[in-house]
>>> print(open('coords_25.pdb').read())   # PDB, C-alpha atoms, pLDDT in the B column
ATOM      1  CA  ILE A 753     120.791 131.791   7.382  1.00 96.00           C
ATOM      2  CA  LEU A 754     117.982 133.428   9.339  1.00 97.00           C
ATOM      3  CA  VAL A 755     117.815 132.939  13.110  1.00 97.00           C
ATOM      4  CA  VAL A 756     114.587 133.969  14.844  1.00 96.00           C
ATOM      5  CA  GLU A 757     115.376 133.878  18.562  1.00 95.00           C
ATOM      6  CA  ASP A 758     114.426 136.261  21.371  1.00 92.00           C
ATOM      7  CA  ASP A 759     117.050 135.034  23.852  1.00 91.00           C
ATOM      8  CA  HIS A 760     120.148 137.134  23.163  1.00 93.00           C
ATOM      9  CA  TYR A 761     122.566 134.576  24.634  1.00 94.00           C
ATOM     10  CA  ILE A 762     121.195 131.761  22.455  1.00 93.00           C
ATOM     11  CA  SER A 763     121.076 133.921  19.328  1.00 95.00           C
ATOM     12  CA  ALA A 764     124.685 135.040  19.860  1.00 96.00           C
ATOM     13  CA  ARG A 765     125.816 131.426  20.222  1.00 96.00           C
ATOM     14  CA  LEU A 766     123.893 130.375  17.120  1.00 96.00           C
ATOM     15  CA  ARG A 767     125.361 133.282  15.149  1.00 97.00           C
ATOM     16  CA  THR A 768     128.885 132.280  16.210  1.00 96.00           C
ATOM     17  CA  HIS A 769     128.444 128.618  15.322  1.00 96.00           C
ATOM     18  CA  LEU A 770     126.547 129.165  12.066  1.00 96.00           C
ATOM     19  CA  ALA A 771     128.784 131.936  10.687  1.00 97.00           C
ATOM     20  CA  LYS A 772     131.220 129.380   9.302  1.00 96.00           C
ATOM     21  CA  TYR A 773     128.433 128.173   6.971  1.00 95.00           C
ATOM     22  CA  GLY A 774     127.448 131.572   5.580  1.00 94.00           C
ATOM     23  CA  SER A 775     125.919 134.922   6.377  1.00 96.00           C
ATOM     24  CA  VAL A 776     123.704 134.916   9.479  1.00 97.00           C
ATOM     25  CA  LYS A 777     120.891 137.376  10.198  1.00 97.00           C
ATOM     26  CA  VAL A 778     119.416 137.351  13.695  1.00 97.00           C
ATOM     27  CA  VAL A 779     116.017 138.798  14.563  1.00 96.00           C
ATOM     28  CA  SER A 780     114.123 138.524  17.817  1.00 94.00           C
ATOM     29  CA  ASN A 781     110.420 138.779  16.960  1.00 93.00           C
ATOM     30  CA  TYR A 782     107.783 137.907  14.396  1.00 93.00           C
ATOM     31  CA  PHE A 783     107.625 141.343  12.795  1.00 93.00           C
ATOM     32  CA  ASP A 784     111.386 141.593  12.210  1.00 95.00           C
ATOM     33  CA  ALA A 785     111.414 138.010  10.931  1.00 95.00           C
ATOM     34  CA  LYS A 786     108.588 138.727   8.470  1.00 95.00           C
ATOM     35  CA  GLU A 787     110.366 141.848   7.201  1.00 96.00           C
ATOM     36  CA  ALA A 788     113.709 140.033   6.847  1.00 96.00           C
ATOM     37  CA  ILE A 789     112.103 137.114   5.002  1.00 95.00           C
ATOM     38  CA  GLU A 790     110.251 139.397   2.597  1.00 93.00           C
ATOM     39  CA  LYS A 791     113.375 141.489   1.863  1.00 93.00           C
ATOM     40  CA  GLY A 792     116.078 138.818   1.833  1.00 86.00           C
ATOM     41  CA  ALA A 793     116.904 135.407   0.498  1.00 88.00           C
ATOM     42  CA  PHE A 794     117.739 132.707   3.018  1.00 93.00           C
ATOM     43  CA  ASP A 795     118.737 129.103   2.470  1.00 92.00           C
ATOM     44  CA  LEU A 796     117.836 128.051   6.004  1.00 93.00           C
ATOM     45  CA  SER A 797     115.872 129.361   8.960  1.00 95.00           C
ATOM     46  CA  LEU A 798     116.068 128.449  12.639  1.00 96.00           C
ATOM     47  CA  ILE A 799     112.904 129.595  14.381  1.00 95.00           C
ATOM     48  CA  ASP A 800     112.293 129.639  18.128  1.00 93.00           C
ATOM     49  CA  LEU A 801     108.763 128.452  18.861  1.00 89.00           C
ATOM     50  CA  ASN A 802     108.339 130.620  21.937  1.00 87.00           C
ATOM     51  CA  LEU A 803     109.055 134.249  21.095  1.00 86.00           C
ATOM     52  CA  GLY A 804     107.311 135.479  24.226  1.00 75.00           C
ATOM     53  CA  ASP A 805     104.128 136.679  22.521  1.00 63.00           C
ATOM     54  CA  THR A 806     101.487 134.011  21.910  1.00 62.00           C
ATOM     55  CA  ASP A 807      99.896 135.943  19.025  1.00 69.00           C
ATOM     56  CA  THR A 808     103.169 136.195  17.128  1.00 77.00           C
ATOM     57  CA  ASP A 809     105.155 133.160  18.200  1.00 85.00           C
ATOM     58  CA  GLY A 810     107.504 131.127  16.046  1.00 88.00           C
ATOM     59  CA  LEU A 811     104.748 129.045  14.519  1.00 89.00           C
ATOM     60  CA  ASN A 812     103.415 132.219  12.927  1.00 91.00           C
ATOM     61  CA  VAL A 813     106.812 132.765  11.268  1.00 92.00           C
ATOM     62  CA  LEU A 814     106.790 129.284   9.722  1.00 91.00           C
ATOM     63  CA  PRO A 815     104.141 129.892   7.005  1.00 92.00           C
ATOM     64  CA  VAL A 816     105.810 133.195   6.071  1.00 93.00           C
ATOM     65  CA  ALA A 817     109.137 131.396   5.624  1.00 92.00           C
ATOM     66  CA  ILE A 818     107.625 128.589   3.561  1.00 90.00           C
ATOM     67  CA  HIS A 819     105.580 131.001   1.422  1.00 92.00           C
ATOM     68  CA  ASN A 820     108.800 132.859   0.611  1.00 91.00           C
ATOM     69  CA  GLY A 821     110.707 129.731  -0.371  1.00 89.00           C
ATOM     70  CA  ILE A 822     112.611 128.938   2.816  1.00 84.00           C
ATOM     71  CA  TYR A 823     111.882 125.225   2.979  1.00 79.00           C
ATOM     72  CA  PRO A 824     114.707 124.071   5.245  1.00 89.00           C
ATOM     73  CA  VAL A 825     113.298 125.275   8.569  1.00 90.00           C
ATOM     74  CA  ILE A 826     114.462 124.089  11.962  1.00 91.00           C
ATOM     75  CA  LEU A 827     112.111 124.803  14.848  1.00 89.00           C
ATOM     76  CA  THR A 828     113.846 125.297  18.176  1.00 88.00           C
ATOM     77  CA  SER A 829     112.641 125.685  21.722  1.00 82.00           C
ATOM     78  CA  GLN A 830     114.014 125.862  25.187  1.00 75.00           C
ATOM     79  CA  ASP A 831     110.645 124.777  26.595  1.00 65.00           C
ATOM     80  CA  GLU A 832     108.429 121.793  25.987  1.00 60.00           C
ATOM     81  CA  GLU A 833     106.351 122.860  23.001  1.00 54.00           C
ATOM     82  CA  SER A 834     104.812 119.581  21.888  1.00 54.00           C
ATOM     83  CA  LYS A 835     101.248 120.889  22.270  1.00 58.00           C
ATOM     84  CA  LYS A 836     101.982 123.808  19.954  1.00 59.00           C
ATOM     85  CA  LEU A 837     103.503 121.523  17.358  1.00 59.00           C
ATOM     86  CA  ALA A 838     100.620 119.090  17.587  1.00 59.00           C
ATOM     87  CA  SER A 839      98.138 121.925  16.920  1.00 61.00           C
ATOM     88  CA  PHE A 840      99.983 123.256  13.851  1.00 58.00           C
ATOM     89  CA  LYS A 841      98.536 122.144  10.537  1.00 54.00           C
TER      90      LYS A 841
END
>>> encode(input="coords_25.pdb", output="structure tokens")
Amino acid sequence: ILVVEDDHYISARLRTHLAKYGSVKVVSNYFDAKEAIEKGAFDLSLIDLNLGDTDTDGLNVLPVAIHNGIYPVILTSQDEESKKLASFK
């Protein structure tokens, strides 16, 4: 399970709760997520939409995950991100 989350409190909680389902790798930015996806095999990815950098936010991680065969993707956000989702195609 890959968790892409820049909030350390949230990522720690997700790691704790998801660990009972398998190995969990946590990264906090687009570049680490891209590297982890290209090097590893994940059955599921939870991706925060707002990683703090608009050029490399969670929506940029999504095509990398899908291209590398991670089809079960859950997008998460602490903020209202409906405009970002509506613009993604």
>>> residues_near_point(input="coords_25.pdb", point="(116.1, 133.3, 22.7)", cutoff="12 Å", atoms="all atoms listed in the file", output="number ranges by chain")
A: 755-767, 778-781, 798-804, 809-810, 828-831
>>> atom_distance(input="coords_25.pdb", atom1="atom CA of Val813 of chain A", atom2="atom CA of Ile789 of chain A")
9.3 Å
>>> atom_distance(input="coords_25.pdb", atom1="atom CA of Asp795 of chain A", atom2="atom CA of His769 of chain A")
16.1 Å
>>> residues_near_point(input="coords_25.pdb", point="(105.0, 127.3, 12.4)", cutoff="8 Å", atoms="only C-alpha atoms", output="NGL selection string")
:A and (801 or 810-815 or 827 or 837 or 840)
>>> atom_distance(input="coords_25.pdb", atom1="atom CA of Lys777 of chain A", atom2="atom CA of Ala817 of chain A")
14.0 Å
>>> resolve_selection(input="coords_25.pdb", expression="the PyMOL selection byres ((chain A and resi 825) around 7)", output="PyMOL selection string")
chain A and resi 796-798+822-824+826-827
>>> axis_aligned_box(input="coords_25.pdb", around="segment 753-772 of chain A", padding_each_side="8 Å", output="AutoDock Vina command-line options")
--center_x 122.8 --center_y 132.9 --center_z 16.0 --size_x 32.8 --size_y 24.5 --size_z 33.3
>>> closest_residue(input="coords_25.pdb", among="A:Ile753, A:Ala793, A:Val816, A:Ala785", to="Leu770 of chain A", atoms="all atoms listed in the file")
A:Ile753
>>> closest_residue(input="coords_25.pdb", among="A:Lys772, A:Asn820, A:Leu754, A:Thr808", to="Glu790 of chain A", atoms="all atoms listed in the file")
A:Asn820
